[in-house]
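Engineer: I'd like to ask you about the structure that follows.
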Amino acid sequence: MKGIRVKFIGLLVVVALSIWALYPTYRLYSAIPKQEKALNERLARATNKDDSGRVALEIAELQNVKASVHKRSLNLGLDIVGGMHLTLEVDKSKLSAEDAKDAGDRALEVIRNRVDEFGVFEPVIQKVGRDRILVQLPGVDRERAKNLIGQTAQLKFQLVQEERATYDALKVVDEKTKAGSGADTGKAAKAEAAPAVKADTSVLQAMLDTTGKDTGLAAAGEIEEGALLSYVRTTGGDFSVDERDYAEFKMLLERARPYWPEGYEFLFGPSEPVEGSPVRRLYMLKAEPEMLGSAIKDARPAPYQGSEPGLSNTWIVNLSLGRKDAGVFAQVTGRNIGRRLAIVLDNVVKSAPVIQSRIPDGNAMITTNDVNPDESRDLAIVLRSGALPAPVRIVEERSVGASLGSDSIRRGILAAVVGSLAVVLFMIIYYSVGGVLAVIALALNIFFLLAVLAGLRATLTLPGLAGIALTIGMAVDANVLVFERIREEMRAGKTNLAAVDTGYARAFVTIIDSNATTIITAIALYFVGTGAIRGFAITLTAGLIINVLTAVFVTRWIFDWWLSRFHVNKLRV
Amino acid sequence: MRLIPETHIDFAGKRGLFFGLTGVLLLISIGSLVFRGFKYGVDFTGGSLLQIRFEKRVSVEAMRSALSAVGEGGATIQQDERGDFFVRVKPKDFGGQETFSSVLGRQLSAAFSDNPFEVLREETVGPQVSRELQGKVLLALAIGLIGILIYVSFRFNFQFGVAAVMSLVFVTVIELCFLSLTGMEITMTVIAALLTVIGYAVNDSIVVSDRIREDVRKIRKETFLQIVNRALNETLSRTVITGLSVFFVLIALLLLGAASIRDFAAIMLVGMVMGTYSSIFVVANAVVEWEQKFPSKRRR
């Protein structure tokens with residue numbers, strides 16, 4: 001009897017430990033959301049500044065508590081609550097051996113800074129293998145986050161060539177391309193090219209005459225179908241290409257790269273709406289940058305306050321350069337007054353303002369076409385946290401929208417509850433007292449398993465839930481094995497106590513063997529599997545070990561206690 | 001309460017019949033695998049899968065033309081009963097920071113400007129990662145099977161080990177046939193379901209093997225065939241009760257769960273039935289057959 005008391009005290013201690021391990025999880029998913037809601041309601045009702053300030057302080061405090069509780073609780077995977085899972089690979093192909101060595105670590109650092117500044121609750125940013133980075137962000141605007149994380153953020157300042165030079169260069173490219181491709185068809189092609197050359201001055205003149213009004217160059221006629229110039233029109237004094245034609249034009253232009261004027265390159269601006277249809281500006285830039293933006297001291301978003309009508313109501317990013325760069329910048333701007341200086345980020349021309357005067361203090365401005373501050377805010381973050389040492393590529397992405405996640409949780413919980421109730425009813429009807437014990441064992445099993453997972457700081461994903469489902473099945477089976485065995489022994493005429501004794505002893509061997517083989521597969525999975533499969537392996541292994549303990553020992557103790565305490569005539573199992 | 005009375009079914013004596021049935025099932029499966037093949041999900045082929053929900057229903061043709069506009073006219077488009085689209089494309093570099101979802105997202109916003117949409121799910125797997133995943137899954141399966149073979153050979157004997165692995169291979173082949181026939185895609189979730197099925201199948205064959213081992217030690221008078229029959233009949237009640245319990249849960253998941261859980265439950269259901277079948281008709285009978293052909297001198 002005394003032995004049993006010790007066992008039950010031991011069990012109570014384990015239960016207490018489990019409650020302690022699961023308490024933060026309970027707070028995170030039940031108590032804290034309620035408090036959050038209450039505080040937000042108070043914030044909405046607050047009538048004066050003092051009130052709202054106080055509530056805001058309380059909210060901030062609650063967020064701190066939430067973060068600390070989060071670290072100690074069982075978390076739900078992104079495949080359940082929704083969010084973004086990215087694996088990035090650092091492209092080291094263009095780096096020197098020296099630079100490549102720690103490129104992964106530097107990239108990790110930069111990405112961590114960006115995500116921290118972006119402000120995501122409990123992000124996961126880890127290095128996986130040598131040059132892969134895992135980023136997990138719960139519930140964010142995915143396109144925005146991807147853009148923020150993936151930008152190399154290589155900033156350059158390059159001088160812009162004027163329209164006439166660009167036009168001439170494009171014309172030459174067209175001619176050379178035609179000559180190149182026409183080489184095999186012979187002289188006919190060259191002869192055809194002649195009229196286009198003749199017409200060019202008038203076309204350019206027509207274009208320049210209609211300043212302010214956008215014209216397609218092709219509309220002025222005389223330009224051949226398929227030539228680069230046939231795609232080009234003008235937008236606010238710059239050449240531009242329709243978004244529709246952008247991919248095709250870019251491909252043609254790239255193909256003609258050998259014919260580009262020496263020392264210059266063609267780059268595009270971002271997509272911008274002009275009279276409802278999006279276009280991209282085309283710039284010819286001096287390939288050699290005037291300076292690199294490696295030493296940006298600060299970058300802040302701000303509303304545009306200049307006088308250009310197209311930019312009113314838009315947002316900009318103010319850059320301040322470090323002291324050394326500010327000196328270079330002053331020189332560059334002083335030398336090129338009246339010309340345009342393009343600010344190029346990752347090979348996209350962000351803006352190309354005219355240099356009005358020498359800029360001595362190292363302040364520059366990047367304009368955006370956005371009336372929403374998000375883009376300029378993100379751009380400022382990216383510029384502040386510096387450039388990635390090399391471009392990164394997304395090699396894997398798994399994202400689940402929050403609505404899909406909550407939908408599948410709701411239906412999953414309903415299905416699990418109904419299924420479990422069916423099993424509970426079936427076990428109690430079929431095995432009566434034994435069934436009740438089996439249900440207790442099952443409940444303890446799930447409870448301990450969740451506590452262990454919380455203790456391991458595990459994340460519960462869908463494959464993890466599959467592991468729990470398998471555990472529950474194995475737990476039911478263990479109890480069935482025991483009870484069937486006890487029934488057999490009783491049919492063979494044994495007493496209650498003897499039947500229970502032999503039943504457990506015999507079933508124990510089977511339960512150990514069946515659980516052990518399943519654990520072997522789980523361990524194999526853990527060592528070779530990927531993230532998702534590992535979750536399955538961990539929950540399964542922990543669940544099965546707990547299963548052996550609850551199904552074989554705990555129910556046995558209860559049986560022993562019950563049989564010794566009460567006078568049981570016929571054991572109903 | 002008792003569902004299964006004491007039975008004396010001659011499972012082992014009729015093993016010829018069940019070998020035949022097993023053979024036919026395997027032939028059908030392999031035929032289906034050869035002629036229909038599988039559909040692999042993006043986990044294993046690489047590429048992107050987007051699940052997109054529009055506020056108002058959009059026709060497949062309209063979706064197709066939006067995809068053609070971004071140069072993905074060859075995409076696989078499926079639409080479920082709610083109107084959600086499942087769009088799959090092959091791996092492709094869209095240049096710079098662009099991804100399939102950003103490119104398609106812009107196109108959809110432009111083409112359906114009065115009909116907002118939401119990308120419910122996006123899975124993009126690069127070609128290299130998908131190759132790694134394939135390798136890892138196969139390696140995991142191989143190591144798991146070898147581990148079981150070693151453990152069972154050690155705890156029982158080599159015959160039982162081989163029989164257990166045969167049973168797992170059988171269940172896996174039948175499952176693959178099920179996937180092939182239903183056209184379900186092989187994704188990581190499906191692999192998790194297959195692993196769960198293998199876990200149950202191993203459990204079933206161990207329970208049967210354990211009883212055979214125990215009876216062989218206990219009962220000296222009967223032939224091996226009689227002992228196997230006795231063991232199968234003794235464990236039949238457990239087999240049915242456990243099977244029913246798991247069945248209840250799976251039916252609940254199948255009827256009430258979300259789409260991904262339904263697939264999972266369907267695979268489990270097939271696997272559970274086949275695992276139970278193979279523990280009785282493959283494992284036990286293979287051991288009997290082996291014992292008849294090559295009688296062991298002394299049983300453990």
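How things are named: the first chain in the structure tokens is A, the next is B, and so on; residues count from 1 in each chain; ligands count from 1 in the order shown.
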Contacts between chain A and chain B, please, where a residue of chain B counts if it comes within 8 Å (with only C-alpha atoms); show its shortest atom pair and distance in Å to one decimal, rows by chain and ascending number, as CSV.
Structural biologist:
```
residue,atom,partner,partner_atom,distance
B:Met1,CA,A:Tyr430,CA,5.2
B:Arg2,CA,A:Tyr430,CA,7.0
B:Gln97,CA,A:Gly150,CA,6.5
B:Ser102,CA,A:Glu143,CA,6.7
B:Val119,CA,A:Gly401,CA,6.7
B:Leu120,CA,A:Gly401,CA,4.4
B:Arg121,CA,A:Val400,CA,4.3
B:Glu122,CA,A:Ser399,CA,4.9
B:Glu123,CA,A:Arg398,CA,4.4
B:Thr124,CA,A:Glu397,CA,4.6
B:Val125,CA,A:Glu396,CA,4.3
B:Gly126,CA,A:Val395,CA,4.6
B:Pro127,CA,A:Val395,CA,7.9
B:Gln128,CA,A:Val395,CA,7.7
B:Val129,CA,A:Val395,CA,6.7
B:Leu133,CA,A:Thr530,CA,7.5
B:Lys136,CA,A:Val528,CA,5.8
B:Val137,CA,A:Gly529,CA,6.6
B:Leu139,CA,A:Val528,CA,6.8
B:Ala140,CA,A:Leu525,CA,5.2
B:Leu141,CA,A:Leu525,CA,7.6
B:Ile143,CA,A:Ala524,CA,5.9
B:Gly144,CA,A:Thr521,CA,4.4
B:Leu145,CA,A:Thr521,CA,7.3
B:Gly147,CA,A:Ile520,CA,6.2
B:Ile148,CA,A:Thr517,CA,5.8
B:Tyr151,CA,A:Thr517,CA,7.0
B:Val152,CA,A:Thr517,CA,7.8
B:Met188,CA,A:Ala532,CA,7.6
B:Thr189,CA,A:Pro463,CA,6.7
B:Ala192,CA,A:Pro463,CA,6.1
B:Ala193,CA,A:Ala466,CA,7.3
B:Thr196,CA,A:Leu470,CA,6.3
B:Gly199,CA,A:Thr518,CA,5.3
B:Tyr200,CA,A:Leu470,CA,7.7
B:Val202,CA,A:Thr518,CA,6.9
B:Asn203,CA,A:Ser514,CA,4.8
B:Asp204,CA,A:Ser514,CA,7.8
B:Ile206,CA,A:Ser514,CA,5.6
B:Val207,CA,A:Thr510,CA,5.9
B:Asp210,CA,A:Thr510,CA,5.9
B:Ser237,CA,A:Glu484,CA,7.4
B:Arg238,CA,A:Val480,CA,6.1
B:Ile241,CA,A:Val480,CA,7.1
B:Thr242,CA,A:Asp477,CA,5.4
B:Ser245,CA,A:Val423,CA,5.5
B:Val246,CA,A:Gly473,CA,6.1
B:Phe248,CA,A:Gly419,CA,5.9
B:Val249,CA,A:Gly419,CA,4.0
B:Leu250,CA,A:Gly419,CA,7.2
B:Ile251,CA,A:Gly419,CA,7.5
B:Ala252,CA,A:Gly419,CA,5.0
B:Leu253,CA,A:Ala415,CA,5.0
B:Leu255,CA,A:Ala415,CA,7.8
B:Leu256,CA,A:Ala415,CA,5.1
B:Gly257,CA,A:Arg411,CA,5.1
B:Ala258,CA,A:Ser408,CA,5.4
B:Ile261,CA,A:Gly412,CA,7.3
```
Engineer: Using only C-alpha atoms, which protein or nucleic acid residues come within 12 Å of region 17-24 of chain B? Drop anything in the same chain fewer than 5 positions from it, and give the result as a ChimeraX atom specification.
Structural biologist: /B:10-12,29-31,166-167,170-171,173-174,274,277-286,288-289
Engineer: Can you pull out every residue within 10 Å of Pro123 (chain A), counting only C-alpha atoms, but drop anything in the same chain fewer than 3 positions away, and send it as number ranges by chain?
Structural biologist: A: 84, 112, 115-116, 119-120, 126, 135-138
Engineer: Applying 10 Å and only C-alpha atoms, which residues near Asp114 (chain B) remain after dropping the ones on its own chain fewer than 5 positions away? List them as a PyMOL selection string.
Structural biologist: chain B and resi 55-56+109
